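Visitor: final06.cif (mmCIF, C-alpha atoms and all ligand atoms) pasted underneath:
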data_work
#
loop_
_atom_site.group_PDB
_atom_site.id
_atom_site.type_symbol
_atom_site.label_atom_id
_atom_site.label_comp_id
_atom_site.auth_asym_id
_atom_site.auth_seq_id
_atom_site.Cartn_x
_atom_site.Cartn_y
_atom_site.Cartn_z
ATOM 1 C CA MET L 1 40.806 190.254 79.525
ATOM 2 C CA ARG L 2 41.611 192.510 82.473
ATOM 3 C CA MET L 3 42.624 189.479 84.460
ATOM 4 C CA SER L 4 45.079 188.231 81.861
ATOM 5 C CA SER L 5 46.786 191.611 81.462
ATOM 6 C CA GLY L 6 47.117 191.771 85.241
ATOM 7 C CA THR L 7 48.668 188.328 85.234
ATOM 8 C CA LEU L 8 51.038 189.410 82.485
ATOM 9 C CA LEU L 9 52.050 192.456 84.531
ATOM 10 C CA VAL L 10 52.704 190.352 87.623
ATOM 11 C CA SER L 11 54.768 187.775 85.769
ATOM 12 C CA GLY L 12 56.688 190.594 84.082
ATOM 13 C CA LEU L 13 57.532 192.034 87.479
ATOM 14 C CA LEU L 14 58.593 188.628 88.744
ATOM 15 C CA VAL L 15 60.843 188.091 85.749
ATOM 16 C CA SER L 16 62.508 191.504 86.089
ATOM 17 C CA GLY L 17 62.940 190.853 89.820
ATOM 18 C CA LEU L 18 64.702 187.583 89.074
ATOM 19 C CA LEU L 19 66.899 189.204 86.440
ATOM 20 C CA LEU L 20 67.782 191.992 88.858
ATOM 21 C CA SER L 21 68.782 189.655 91.674
ATOM 22 C CA ALA L 22 70.888 187.554 89.314
ATOM 23 C CA SER L 23 72.527 190.500 87.573
ATOM 24 C CA PRO L 24 76.191 191.411 88.045
ATOM 25 C CA PHE L 25 75.050 194.955 88.832
ATOM 26 C CA ALA L 26 73.785 193.905 92.261
ATOM 27 C CA HIS L 27 76.605 193.914 94.802
ATOM 28 C CA GLU L 28 76.425 192.692 98.357
ATOM 29 C CA VAL L 29 78.573 193.480 101.388
ATOM 30 C CA GLU L 30 78.117 191.068 104.265
ATOM 31 C CA VAL L 31 78.382 192.547 107.746
ATOM 32 C CA SER L 32 79.448 189.964 110.304
ATOM 33 C CA ASN L 33 81.882 189.675 113.205
ATOM 34 C CA TYR L 34 82.085 193.488 113.225
ATOM 35 C CA GLN L 35 83.555 193.491 109.706
ATOM 36 C CA PHE L 36 82.473 194.530 106.230
ATOM 37 C CA LYS L 37 83.116 191.685 103.753
ATOM 38 C CA PRO L 38 84.593 192.482 101.362
ATOM 39 C CA ALA L 39 86.153 195.527 103.025
ATOM 40 C CA GLU L 40 86.986 196.954 99.580
ATOM 41 C CA LEU L 41 84.488 196.584 96.753
ATOM 42 C CA HIS L 42 84.901 197.802 93.170
ATOM 43 C CA ILE L 43 81.788 198.616 91.148
ATOM 44 C CA ARG L 44 80.783 200.589 88.052
ATOM 45 C CA ALA L 45 78.973 203.943 88.155
ATOM 46 C CA GLY L 46 75.211 203.469 88.353
ATOM 47 C CA GLU L 47 75.407 200.208 90.293
ATOM 48 C CA THR L 48 73.896 199.526 93.696
ATOM 49 C CA VAL L 49 75.470 198.033 96.811
ATOM 50 C CA THR L 50 73.422 196.273 99.477
ATOM 51 C CA TRP L 51 74.783 195.746 102.980
ATOM 52 C CA VAL L 52 73.351 192.689 104.706
ATOM 53 C CA ASN L 53 73.576 192.235 108.466
ATOM 54 C CA ARG L 54 74.590 188.614 109.191
ATOM 55 C CA GLU L 55 75.214 189.075 112.915
ATOM 56 C CA LYS L 56 73.322 187.183 115.583
ATOM 57 C CA ARG L 57 72.304 190.213 117.652
ATOM 58 C CA VAL L 58 74.328 193.329 116.746
ATOM 59 C CA SER L 59 72.975 196.239 114.687
ATOM 60 C CA HIS L 60 75.152 198.324 112.386
ATOM 61 C CA SER L 61 74.949 201.367 110.150
ATOM 62 C CA VAL L 62 76.949 202.750 107.232
ATOM 63 C CA ILE L 63 78.409 206.278 107.458
ATOM 64 C CA PHE L 64 80.252 207.758 104.494
ATOM 65 C CA LEU L 65 83.323 209.577 105.779
ATOM 66 C CA GLY L 66 83.383 212.479 103.340
ATOM 67 C CA SER L 67 79.729 213.468 103.468
ATOM 68 C CA GLY L 68 78.717 212.178 106.889
ATOM 69 C CA THR L 69 75.669 210.551 105.294
ATOM 70 C CA GLU L 70 74.488 207.744 107.580
ATOM 71 C CA SER L 71 72.124 204.878 106.921
ATOM 72 C CA GLU L 72 69.513 203.778 109.378
ATOM 73 C CA ARG L 73 70.617 201.090 111.823
ATOM 74 C CA PHE L 74 70.047 197.695 110.321
ATOM 75 C CA PHE L 75 69.508 194.671 112.513
ATOM 76 C CA PRO L 76 70.300 190.961 111.947
ATOM 77 C CA ASP L 77 68.873 189.810 108.603
ATOM 78 C CA GLU L 78 68.037 193.390 107.594
ATOM 79 C CA ARG L 79 69.692 195.122 104.671
ATOM 80 C CA TRP L 80 70.374 198.641 103.405
ATOM 81 C CA SER L 81 71.160 199.716 99.835
ATOM 82 C CA ARG L 82 72.721 202.703 98.129
ATOM 83 C CA LYS L 83 73.173 203.447 94.426
ATOM 84 C CA PHE L 84 76.459 205.057 93.338
ATOM 85 C CA ASP L 85 76.161 207.341 90.333
ATOM 86 C CA ALA L 86 79.461 209.241 90.456
ATOM 87 C CA PRO L 87 82.919 207.649 90.116
ATOM 88 C CA GLY L 88 85.204 207.985 93.140
ATOM 89 C CA ARG L 89 86.318 206.393 96.396
ATOM 90 C CA TYR L 90 83.668 206.168 99.100
ATOM 91 C CA PRO L 91 85.270 205.206 102.414
ATOM 92 C CA TYR L 92 82.777 204.378 105.148
ATOM 93 C CA THR L 93 82.514 203.216 108.716
ATOM 94 C CA CYS L 94 79.785 202.122 111.121
ATOM 95 C CA GLY L 95 78.045 204.568 113.489
ATOM 96 C CA PRO L 96 78.185 202.462 116.653
ATOM 97 C CA HIS L 97 81.521 200.809 115.750
ATOM 98 C CA PRO L 98 83.969 203.358 114.290
ATOM 99 C CA GLU L 99 86.708 200.692 114.154
ATOM 100 C CA MET L 100 84.816 199.044 111.285
ATOM 101 C CA LEU L 101 86.115 200.319 107.934
ATOM 102 C CA GLY L 102 85.182 199.733 104.325
ATOM 103 C CA VAL L 103 85.466 201.426 100.958
ATOM 104 C CA ILE L 104 83.439 201.353 97.751
ATOM 105 C CA VAL L 105 85.484 202.228 94.661
ATOM 106 C CA VAL L 106 83.302 203.406 91.767
ATOM 107 C CA THR L 107 84.741 203.549 88.253
ATOM 108 C CA ASP L 108 83.207 204.799 85.025
HETATM 109 CU CU CU A 201 78.733 198.303 113.439
#
Once more with this new file: its structure as C-alpha cells, please.
Ligand SMILES: [Cu+2]
Guide:
Amino acid sequence: MRMSSGTLLVSGLLVSGLLLSASPFAHEVEVSNYQFKPAELHIRAGETVTWVNREKRVSHSVIFLGSGTESERFFPDERWSRKFDAPGRYPYTCGPHPEMLGVIVVTD
C-alpha cells in the first residue's frame, strides 16, 4: 500500500515535469558566440526564462540593468532561470562581457 502510493507520487512528479518542459510557459535563451538568442524575448507575466550556456569554454552571467541584480556565472551546459511576475521591459547584459545585450519584455 505504501509502496503503491509512493509510486503514484513519483509518476505524478514525472508527468508534471514532462508537462512543464513541454509547456509554452517555459522560455529558453541560448547563450552562444557571445550573444543572447533571441536577443529580445516576449513573455507573459508569471512565466519563467531559462538561459542556457551553449559555449565551448566561456562562462556568462545575466545582469539586469535597472536593478543591478546579477545571476551566478554559468558555465558551458549550465543554465540559470528567473521568473518574471511584473509586466515591463527588463534589459540585461553579461557581467564579464558588457557588450552582450538582451531584453525580456513581459506583458500582462
Ligand atoms: Cu558573457
Visitor: For ligand CU 201 (chain A), collect every residue having any atom at a distance of at most 8 Å from a ligand atom (counting only C-alpha atoms and all ligand atoms); output as a list in words.
Guide: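 Protein and nucleic-acid residues within 8 Å of ligand CU 201 (chain A): Tyr34, Gln35, Val58, Ser59, His60, Ser61, Val62, Thr93, Cys94, Gly95, Pro96, His97, Pro98 and Met100 of chain L.
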Visitor: Excluding same-chain residues fewer than 4 positions from Val105 in chain L, what lies within 8 Å of it counting all atoms listed in the file, as a PyMOL selection string?
Guide: chain L and resi 40-43+87-90
Visitor: One decimal, Å: what's the distance from CA of Asp77 in chain L over to CA of Phe64 in chain L, could you say?
Guide: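 Going from CA of Asp77 in chain L over to CA of Phe64 in chain L covers 21.6 Å.
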Visitor: Quick one: residues within 10 Å of Glu78 in chain L, only C-alpha atoms counted, chain neighbours fewer than 6 positions away excluded, as a short mmCIF file (atom, residue, chain, number, x, y, z; two decimals) with C-alpha atoms, in the coordinates of the input?
Guide:
data_model
loop_
_atom_site.label_atom_id
_atom_site.label_comp_id
_atom_site.auth_asym_id
_atom_site.auth_seq_id
_atom_site.Cartn_x
_atom_site.Cartn_y
_atom_site.Cartn_z
CA TRP L 51 74.78 195.75 102.98
CA VAL L 52 73.35 192.69 104.71
CA ASN L 53 73.58 192.24 108.47
CA ARG L 54 74.59 188.61 109.19
CA GLU L 55 75.21 189.08 112.92
CA SER L 59 72.97 196.24 114.69
CA HIS L 60 75.15 198.32 112.39
#
Visitor: Excluding Ala45 in chain L and its own-chain neighbours fewer than 6 positions away, which residues fall within 8 Å of it when counting all atoms listed in the file? Please give them as a ChimeraX atom specification.
Guide: /L:84-87,106-108
Visitor: To one decimal in Å, tell me the separation between CA of Arg44 in chain L and CA of Tyr92 in chain L.
Guide: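 Computed distance, CA of Arg44 in chain L to CA of Tyr92 in chain L, equals 17.6 Å.
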Visitor: Quick one, how far is CA of Glu72 in chain L from CA of Val29 in chain L?
Guide: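 We find that CA of Glu72 in chain L and CA of Val29 in chain L lie 15.9 Å from each other.
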Visitor: Which residue is closest to Phe75 in chain L? Choose from L:Arg57, L:Pro38, L:Gly46, L:Glu28 and count all atoms listed in the file.
Guide: L:Arg57
Visitor: Using all atoms of range 62-70 of chain L that appear in the file, construct an axis-aligned enclosing box with 4 Å of padding on every side and provide its centre coordinates and edge lengths in Å, rounded to one decimal, as JSON.
Guide:
{"center_x": 78.9, "center_y": 208.1, "center_z": 105.5, "size_x": 16.9, "size_y": 18.7, "size_z": 12.2}
Visitor: Go through L:Trp80, L:Phe74, L:Phe25, L:Phe36 one by one, measure the shortest atom-to-atom distance of each to Thr50 in chain L using only C-alpha atoms, and give the residue with the smallest value.
Guide: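 Ranked by minimum distance to Thr50 in chain L, first place goes to L:Trp80.
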Visitor: Just checking: using only C-alpha atoms, which residue out of L:Lys83, L:Lys56, L:Val49, L:Gly102 ends up closest to Ala26 in chain L?
Guide: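 Selected residue with least distance to Ala26 in chain L: L:Val49.
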Visitor: Counting all atoms listed in the file, which residue out of L:Glu47, L:Glu70, L:Ser81, L:Leu65 sits closest to Glu30 in chain L?
Guide: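 Between L:Glu47, L:Glu70, L:Ser81, L:Leu65, the residue approaching Glu30 in chain L most closely is L:Ser81.
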